[in-house]
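final09.cif follows; it contains mmCIF, C-alpha atoms.
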data_structure
loop_
_atom_site.label_atom_id
_atom_site.label_comp_id
_atom_site.auth_asym_id
_atom_site.auth_seq_id
_atom_site.Cartn_x
_atom_site.Cartn_y
_atom_site.Cartn_z
CA MET A 29 0.00 0.00 0.00
CA MET A 30 1.31 3.42 -0.95
CA LYS A 31 1.50 6.06 1.76
CA ILE A 32 -0.17 9.30 0.66
CA LEU A 33 0.16 12.74 2.23
CA ALA A 34 -2.72 15.16 1.57
CA ILE A 35 -1.79 18.84 1.69
CA VAL A 36 -4.35 21.66 1.75
CA PRO A 37 -2.68 25.06 1.25
CA ALA A 38 -4.59 27.76 3.14
CA ARG A 39 -3.05 31.20 3.29
CA GLY A 40 -4.63 33.80 5.51
CA GLY A 41 -4.68 36.47 2.82
CA SER A 42 -7.15 36.57 -0.06
CA LYS A 43 -7.68 39.61 -2.22
CA ARG A 44 -10.78 38.84 -4.31
CA ILE A 45 -12.87 37.15 -1.59
CA HIS A 46 -11.80 38.23 1.90
CA ARG A 47 -10.53 35.23 3.93
CA LYS A 48 -12.34 32.86 1.61
CA ASN A 49 -10.66 29.73 3.00
CA ILE A 50 -12.56 30.07 6.29
CA LYS A 51 -15.59 32.08 5.14
CA ASP A 52 -18.86 30.27 5.84
CA PHE A 53 -19.98 28.19 2.88
CA CYS A 54 -23.34 26.48 3.31
CA GLY A 55 -23.01 26.05 7.04
CA LYS A 56 -19.30 25.59 7.74
CA PRO A 57 -15.93 27.17 6.93
CA MET A 58 -15.05 26.63 3.28
CA ILE A 59 -11.89 24.65 4.00
CA MET A 60 -13.80 22.13 6.11
CA HIS A 61 -15.63 20.77 3.06
CA ILE A 62 -12.47 19.44 1.40
CA LEU A 63 -10.96 18.34 4.74
CA ASP A 64 -14.05 16.31 5.63
CA CYS A 65 -14.12 14.89 2.11
CA ALA A 66 -10.47 13.83 2.35
CA LYS A 67 -11.03 12.18 5.73
CA LYS A 68 -14.00 10.18 4.44
CA THR A 69 -11.93 8.62 1.65
CA GLU A 70 -9.67 6.85 4.19
CA ILE A 71 -6.87 6.86 1.59
CA PHE A 72 -4.62 9.46 3.19
CA ASP A 73 -2.12 8.58 5.90
CA THR A 74 -1.81 12.25 6.92
CA ILE A 75 -3.92 15.31 6.10
CA HIS A 76 -1.91 18.50 6.55
CA VAL A 77 -3.17 22.09 6.35
CA ALA A 78 -0.32 24.31 5.17
CA THR A 79 -1.14 27.67 6.71
CA ASP A 80 0.57 30.76 8.03
CA ASP A 81 -2.61 32.07 9.65
CA ALA A 82 -3.50 31.69 13.35
CA GLU A 83 -7.28 31.72 12.79
CA VAL A 84 -7.11 29.09 10.05
CA ARG A 85 -4.92 26.94 12.31
CA GLU A 86 -7.36 27.35 15.21
CA ILE A 87 -10.39 26.36 13.09
CA VAL A 88 -8.86 23.28 11.51
CA SER A 89 -7.25 22.17 14.78
CA ALA A 90 -10.59 22.34 16.57
CA ALA A 91 -12.05 20.16 13.82
CA GLY A 92 -9.36 17.49 14.24
CA PHE A 93 -6.80 18.58 11.63
CA PRO A 94 -4.04 20.27 13.66
CA PRO A 95 -1.03 21.24 11.50
CA GLU A 96 2.20 19.82 12.92
CA PHE A 97 4.15 22.87 11.75
CA GLU A 98 3.54 26.34 10.34
CA ARG A 99 3.81 27.29 6.69
CA SER A 100 6.84 29.46 6.04
CA SER A 101 6.20 33.16 5.44
CA ASP A 102 8.54 32.84 2.44
CA TRP A 103 5.76 30.98 0.59
CA SER A 104 2.67 32.75 1.91
CA ASP A 105 2.18 35.87 -0.21
CA ASP A 106 -0.04 36.45 -3.26
CA HIS A 107 2.65 35.39 -5.71
CA SER A 108 3.98 32.31 -3.96
CA PRO A 109 4.05 29.16 -6.12
CA LEU A 110 2.66 25.96 -4.65
CA ILE A 111 5.51 23.56 -5.39
CA PRO A 112 7.77 25.04 -2.66
CA VAL A 113 4.85 24.75 -0.21
CA LEU A 114 4.57 21.05 -1.03
CA GLN A 115 8.32 20.56 -0.84
CA GLU A 116 8.44 22.26 2.56
CA ALA A 117 5.68 19.99 3.87
CA ILE A 118 7.47 16.88 2.60
CA TYR A 119 10.75 17.89 4.25
CA GLN A 120 9.08 18.89 7.54
CA HIS A 121 7.22 15.59 7.74
CA LYS A 122 10.43 13.74 7.01
CA LYS A 123 11.99 15.46 10.03
CA CYS A 124 9.12 13.99 12.06
CA GLY A 125 9.90 10.52 10.73
CA LYS A 126 7.10 10.45 8.16
CA GLU A 127 7.83 9.66 4.52
CA PHE A 128 5.31 9.28 1.70
CA ASP A 129 5.15 7.70 -1.74
CA ALA A 130 2.71 10.30 -3.02
CA VAL A 131 1.39 13.76 -2.24
CA CYS A 132 -2.17 14.87 -2.98
CA LEU A 133 -2.59 18.61 -3.38
CA LEU A 134 -6.15 19.52 -2.35
CA MET A 135 -7.37 23.06 -2.91
CA ALA A 136 -9.25 24.62 0.00
CA CYS A 137 -12.00 26.13 -2.17
CA SER A 138 -13.28 22.86 -3.64
CA PRO A 139 -16.51 22.25 -1.70
CA LEU A 140 -18.20 20.22 -4.45
CA VAL A 141 -15.61 17.44 -4.67
CA LEU A 142 -16.88 14.11 -3.35
CA PRO A 143 -14.92 11.31 -1.63
CA LYS A 144 -15.50 9.06 -4.65
CA ASP A 145 -13.73 11.62 -6.87
CA LEU A 146 -10.56 11.40 -4.79
CA GLN A 147 -10.86 7.62 -4.53
CA GLU A 148 -11.13 7.29 -8.32
CA ALA A 149 -8.14 9.60 -8.79
CA ALA A 150 -6.14 7.48 -6.33
CA ASP A 151 -7.12 4.33 -8.25
CA ILE A 152 -5.84 5.87 -11.48
CA PHE A 153 -2.61 6.82 -9.69
CA SER A 154 -2.20 3.22 -8.52
CA SER A 155 -2.98 1.84 -11.98
CA HIS A 156 0.05 3.78 -13.26
CA ARG A 157 2.12 2.30 -10.40
CA GLY A 158 2.53 5.72 -8.83
CA LEU A 159 4.75 6.92 -11.66
CA LYS A 160 2.47 9.59 -13.14
CA ALA A 161 0.68 12.52 -11.55
CA VAL A 162 -3.11 12.55 -11.70
CA LEU A 163 -4.76 15.86 -12.53
CA SER A 164 -8.44 16.71 -12.07
CA VAL A 165 -9.78 17.82 -15.45
CA THR A 166 -13.13 18.57 -17.05
CA PRO A 167 -14.17 19.21 -20.68
CA PHE A 168 -14.14 22.76 -22.03
CA PRO A 169 -17.72 24.04 -22.28
CA ALA A 170 -17.15 24.84 -25.98
CA PRO A 171 -14.57 23.69 -28.53
CA ILE A 172 -11.27 25.53 -28.10
CA GLU A 173 -11.18 25.76 -31.91
CA TRP A 174 -13.99 28.32 -31.66
CA ALA A 175 -11.95 30.70 -29.50
CA PHE A 176 -11.65 34.42 -30.27
CA SER A 177 -9.26 37.07 -29.09
CA GLN A 178 -10.66 40.57 -28.64
CA ASN A 179 -8.85 43.70 -29.73
CA LYS A 180 -8.88 47.09 -27.98
CA ASP A 181 -11.64 48.30 -30.31
CA HIS A 182 -13.69 45.21 -29.32
CA SER A 183 -13.28 43.59 -32.72
CA LEU A 184 -12.90 39.79 -32.61
CA SER A 185 -10.20 37.70 -34.23
CA PRO A 186 -10.57 33.91 -34.51
CA VAL A 187 -7.66 32.13 -32.83
CA LYS A 188 -7.94 29.33 -35.42
CA ASN A 189 -9.60 30.87 -38.46
CA ASN A 190 -9.89 27.62 -40.41
CA LYS A 191 -11.69 25.82 -37.57
CA MET A 192 -14.61 28.15 -36.89
CA GLY A 193 -17.07 26.42 -39.20
CA ILE A 194 -16.53 22.87 -37.94
CA ARG A 195 -19.44 21.31 -36.06
CA SER A 196 -18.82 20.62 -32.35
CA GLN A 197 -19.58 16.91 -32.81
CA ASP A 198 -16.77 16.69 -35.37
CA ILE A 199 -14.15 18.20 -33.05
CA GLU A 200 -12.05 16.24 -30.55
CA GLU A 201 -12.93 17.04 -26.94
CA HIS A 202 -10.33 18.92 -24.94
CA TYR A 203 -9.91 19.29 -21.20
CA TYR A 204 -8.60 21.84 -18.71
CA HIS A 205 -7.30 21.51 -15.16
CA THR A 206 -10.13 22.24 -12.73
CA GLY A 207 -7.82 23.45 -9.97
CA ASN A 208 -9.32 21.07 -7.39
CA TYR A 209 -6.71 18.34 -6.83
CA VAL A 210 -3.53 16.70 -8.09
CA ILE A 211 -1.86 13.50 -6.89
CA PHE A 212 1.91 13.60 -7.40
CA PRO A 213 4.63 11.02 -6.99
CA THR A 214 6.62 12.50 -4.12
CA GLN A 215 9.86 12.42 -6.08
CA GLN A 216 8.30 14.43 -8.91
CA ILE A 217 7.70 17.29 -6.46
CA LEU A 218 11.16 17.05 -4.93
CA ASP A 219 12.79 17.08 -8.37
CA CYS A 220 10.88 20.18 -9.47
CA THR A 221 13.07 23.31 -9.49
CA GLY A 222 10.81 25.66 -11.45
CA PRO A 223 7.23 26.08 -12.63
CA GLY A 224 7.23 22.48 -13.83
CA THR A 225 5.72 20.93 -16.94
CA TYR A 226 2.61 18.89 -17.60
CA HIS A 227 4.21 16.01 -19.52
CA ASN A 228 3.98 13.38 -16.78
CA PHE A 229 0.27 13.69 -16.07
CA VAL A 230 -2.85 11.62 -16.61
CA GLY A 231 -6.34 12.97 -16.15
CA HIS A 232 -9.19 12.16 -13.85
CA ILE A 233 -12.34 13.60 -15.38
CA LEU A 234 -14.38 15.52 -12.84
CA PRO A 235 -18.02 16.26 -13.81
CA LYS A 236 -18.50 19.94 -14.65
CA HIS A 237 -20.98 20.48 -11.83
CA ARG A 238 -18.37 19.40 -9.25
CA SER A 239 -15.40 21.18 -10.78
CA VAL A 240 -15.97 24.79 -9.68
CA ASP A 241 -12.76 26.42 -8.44
CA ILE A 242 -13.79 29.45 -6.41
CA ASP A 243 -11.82 32.60 -7.20
CA THR A 244 -14.54 35.25 -7.63
CA GLU A 245 -17.89 36.20 -6.09
CA ASP A 246 -19.60 34.77 -9.18
CA ASP A 247 -17.81 31.45 -8.63
CA TRP A 248 -18.97 31.49 -5.02
CA ARG A 249 -22.64 32.04 -5.94
CA ILE A 250 -22.52 29.32 -8.60
CA ALA A 251 -20.91 26.89 -6.17
CA GLU A 252 -23.54 27.63 -3.50
CA ALA A 253 -26.37 26.96 -5.95
CA LEU A 254 -24.76 23.70 -7.11
CA PHE A 255 -24.09 22.61 -3.54
CA GLN A 256 -27.72 23.15 -2.53
CA HIS A 257 -28.90 21.28 -5.65
CA MET A 258 -26.61 18.34 -4.87
CA LYS A 259 -28.04 18.20 -1.33
CA LEU A 260 -31.59 18.09 -2.69
CA ILE A 261 -30.93 15.20 -5.06
CA SER A 262 -28.67 13.15 -2.78
#
Kindly transcribe the structure held in the file into C-alpha cells.
Amino acid sequence: MMKILAIVPARGGSKRIHRKNIKDFCGKPMIMHILDCAKKTEIFDTIHVATDDAEVREIVSAAGFPPEFERSSDWSDDHSPLIPVLQEAIYQHKKCGKEFDAVCLLMACSPLVLPKDLQEAADIFSSHRGLKAVLSVTPFPAPIEWAFSQNKDHSLSPVKNNKMGIRSQDIEEHYYHTGNYVIFPTQQILDCTGPGTYHNFVGHILPKHRSVDIDTEDDWRIAEALFQHMKLIS
C-alpha cells in the first residue's frame, strides 16, 4: 500500500474574496468541506493544512486537523508558487519521521468534490504504479477551436480561423485543469526546481458540476447553488 500525504494550502490572505478559506460556505468554513471529504476517503495517511494564519490553524485544529508545523512566510504571499509549499511539507514531515510515496494537493476552495472523486483519482494513480501525476480535469464548455481574441476596439479575431465552421460533434474534446486536486509522486515534487511541466500527467475527469474552483464572487454564488442542488438530489 502506498502512503499518501494530503496537503491543503490555506493562506490567511485573499484579495478577491476576503478570507475565503474560512468564510462560511453552506453552514461551515469553506476549508472544512475538502478536509471532511479527504477524511471520508480513508486513503490518506496524513492530512496537513499548510497555513501561516492563526485563525485558520485554530479552526482546523478544533475540527481534528491540527497542523504539525507552520507554513513558512517565504511561501505565503499572493505570488507564492505551490511547489515550494509542497516541498516544505514533505521535508518537515520527514523530520518527524514520516515519509510518503505520493502527495495529494487539495485546494481549499473545492466544496463540491466528493470522496468518490478522490478515490477514483487514487485508483488511477495506482494503476500507473505511482509513476504519473493525476490531474483533475473537465471538458471545455465549448470547442477551443472556436476561441476568439478581442482587440482594444472590441473587434474579434478567430484564434484558429480555419476551424470556426466545424461542427462541435466533429471536433475532438479537450480538457482543462479544474484546480481542485492533483496526486503527485513524491519524487516528482522534490525534483521540481521551477514552474514544472505537464508532460507526466494523466487525467481524472471531474463532472463539470463538481469542478468549480472558487476565485470570484460569481464562482462562489454558482458553487452555493450547485451545492444546494446536490443536497436536494442526494
Legend entry - Selection result of the PyMOL selection byres ((chain A and resi 47-49) around 8) on this file, as a list in words: Ala38, Arg39, Gly40, Gly41, Ser42, Ile45, His46, Ile50, Lys51, Pro57, Met58, Ile59, Val84, Ala136 and Cys137 of chain A
Inset, instruction - Enumerate, as a ChimeraX atom specification, the residues matched when the PyMOL selection byres ((chain A and resi 118) around 10) is run on the file above. - result: /A:33,35,112-117,119-123,126-128,130-131,214,217-218
Based on the selection just made, write C-alpha atoms of those residues as a CSV table (one decimal), in the frame of the given file.
chain,number,residue,atom,x,y,z
A,33,LEU,CA,0.2,12.7,2.2
A,35,ILE,CA,-1.8,18.8,1.7
A,112,PRO,CA,7.8,25.0,-2.7
A,113,VAL,CA,4.8,24.8,-0.2
A,114,LEU,CA,4.6,21.0,-1.0
A,115,GLN,CA,8.3,20.6,-0.8
A,116,GLU,CA,8.4,22.3,2.6
A,117,ALA,CA,5.7,20.0,3.9
A,119,TYR,CA,10.8,17.9,4.2
A,120,GLN,CA,9.1,18.9,7.5
A,121,HIS,CA,7.2,15.6,7.7
A,122,LYS,CA,10.4,13.7,7.0
A,123,LYS,CA,12.0,15.5,10.0
A,126,LYS,CA,7.1,10.4,8.2
A,127,GLU,CA,7.8,9.7,4.5
A,128,PHE,CA,5.3,9.3,1.7
A,130,ALA,CA,2.7,10.3,-3.0
A,131,VAL,CA,1.4,13.8,-2.2
A,214,THR,CA,6.6,12.5,-4.1
A,217,ILE,CA,7.7,17.3,-6.5
A,218,LEU,CA,11.2,17.0,-4.9
Inset, instruction - Check what the PyMOL selection byres ((chain A and resi 225-233) around 10) selects in the file above and give those residues as a ChimeraX atom specification. - result: /A:145-146,148-153,156,159-167,203-206,209-212,216,220,222-224,234-236,239
Using C-alpha atoms, can you write the selected residues to a file as a PDB file, in the coordinates of the input?
ATOM      1  CA  ASP A 145     -13.730  11.620  -6.870  1.00  0.00           C
ATOM      2  CA  LEU A 146     -10.560  11.400  -4.790  1.00  0.00           C
ATOM      3  CA  GLU A 148     -11.130   7.290  -8.320  1.00  0.00           C
ATOM      4  CA  ALA A 149      -8.140   9.600  -8.790  1.00  0.00           C
ATOM      5  CA  ALA A 150      -6.140   7.480  -6.330  1.00  0.00           C
ATOM      6  CA  ASP A 151      -7.120   4.330  -8.250  1.00  0.00           C
ATOM      7  CA  ILE A 152      -5.840   5.870 -11.480  1.00  0.00           C
ATOM      8  CA  PHE A 153      -2.610   6.820  -9.690  1.00  0.00           C
ATOM      9  CA  HIS A 156       0.050   3.780 -13.260  1.00  0.00           C
ATOM     10  CA  LEU A 159       4.750   6.920 -11.660  1.00  0.00           C
ATOM     11  CA  LYS A 160       2.470   9.590 -13.140  1.00  0.00           C
ATOM     12  CA  ALA A 161       0.680  12.520 -11.550  1.00  0.00           C
ATOM     13  CA  VAL A 162      -3.110  12.550 -11.700  1.00  0.00           C
ATOM     14  CA  LEU A 163      -4.760  15.860 -12.530  1.00  0.00           C
ATOM     15  CA  SER A 164      -8.440  16.710 -12.070  1.00  0.00           C
ATOM     16  CA  VAL A 165      -9.780  17.820 -15.450  1.00  0.00           C
ATOM     17  CA  THR A 166     -13.130  18.570 -17.050  1.00  0.00           C
ATOM     18  CA  PRO A 167     -14.170  19.210 -20.680  1.00  0.00           C
ATOM     19  CA  TYR A 203      -9.910  19.290 -21.200  1.00  0.00           C
ATOM     20  CA  TYR A 204      -8.600  21.840 -18.710  1.00  0.00           C
ATOM     21  CA  HIS A 205      -7.300  21.510 -15.160  1.00  0.00           C
ATOM     22  CA  THR A 206     -10.130  22.240 -12.730  1.00  0.00           C
ATOM     23  CA  TYR A 209      -6.710  18.340  -6.830  1.00  0.00           C
ATOM     24  CA  VAL A 210      -3.530  16.700  -8.090  1.00  0.00           C
ATOM     25  CA  ILE A 211      -1.860  13.500  -6.890  1.00  0.00           C
ATOM     26  CA  PHE A 212       1.910  13.600  -7.400  1.00  0.00           C
ATOM     27  CA  GLN A 216       8.300  14.430  -8.910  1.00  0.00           C
ATOM     28  CA  CYS A 220      10.880  20.180  -9.470  1.00  0.00           C
ATOM     29  CA  GLY A 222      10.810  25.660 -11.450  1.00  0.00           C
ATOM     30  CA  PRO A 223       7.230  26.080 -12.630  1.00  0.00           C
ATOM     31  CA  GLY A 224       7.230  22.480 -13.830  1.00  0.00           C
ATOM     32  CA  LEU A 234     -14.380  15.520 -12.840  1.00  0.00           C
ATOM     33  CA  PRO A 235     -18.020  16.260 -13.810  1.00  0.00           C
ATOM     34  CA  LYS A 236     -18.500  19.940 -14.650  1.00  0.00           C
ATOM     35  CA  SER A 239     -15.400  21.180 -10.780  1.00  0.00           C
TER      36      SER A 239
END
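One distance worth recording is that between atom CA of A:Ile87 and atom CA of A:Gln147, which is 25.7 Å.
The neighbours of A:Ser177 here are the residues that come within 9 Å of it, using all atoms listed in the file and leaving out any residue fewer than 5 positions away in the same chain; they are Ser183, Leu184, Ser185, Pro186 and Val187 of chain A.
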Export C-alpha atoms of the chosen residues as a PDB file, in the coordinates of the input?
ATOM      1  CA  SER A 183     -13.280  43.590 -32.720  1.00  0.00           C
ATOM      2  CA  LEU A 184     -12.900  39.790 -32.610  1.00  0.00           C
ATOM      3  CA  SER A 185     -10.200  37.700 -34.230  1.00  0.00           C
ATOM      4  CA  PRO A 186     -10.570  33.910 -34.510  1.00  0.00           C
ATOM      5  CA  VAL A 187      -7.660  32.130 -32.830  1.00  0.00           C
TER       6      VAL A 187
END
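For the atom pair formed by atom CA of A:Arg249 and atom CA of A:Pro169, the distance is 18.8 Å, given to one decimal.
Closest approach to A:Glu96 among A:Ile261, A:Ala175, A:Ala82, A:Cys124: A:Cys124, based on all atoms listed in the file.
Comparing A:Asp52, A:Glu98, A:Glu70, A:Asp129 by their smallest distance to A:Met29, the closest is A:Asp129 (using all atoms listed in the file).
For the pair atom CA of A:Glu201 and atom CA of A:Trp248, the interatomic distance is 26.9 Å.
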Legend entry - Near-A:Arg99 list (7 Å; all atoms listed in the file; drop same-chain fewer than 2 positions) as a list in words: Ala78, Thr79, Asp80, Phe97 and Ser101 of chain A
Inset, instruction - Might you pull out every residue within 10 Å of A:Asn190, with all atoms listed in the file counted and same-chain residues fewer than 4 positions away left off, and present them as a list in words? - result: Glu173, Trp174, Pro186 and Ile194 of chain A
Inset, instruction - Select all residues near (-15.8, 27.9, -7.9) (cut-off 10 Å, inclusive, file coordinates), counting all atoms listed in the file, and output them as a ChimeraX atom specification. - result: /A:137-140,206-208,237-252,254
Emit as lines of an AutoDock Vina configuration file the padded axis-aligned box for all listed atoms of stretch 121-134 of chain A, 8 Å per side, with centre and edge lengths in Å to one decimal.
center_x = 2.9
center_y = 13.6
center_z = 4.3
size_x = 34.1
size_y = 27.8
size_z = 31.4
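In this comparison, which uses only C-alpha atoms, the residue of A:Met192, A:Leu142, A:Leu63, A:Ile71 approaching A:Ser154 most closely is A:Ile71.
With distances restricted to only C-alpha atoms, A:Pro37 is the closest residue to A:Asp81 from A:Pro171, A:Thr221, A:Arg157, A:Pro37.
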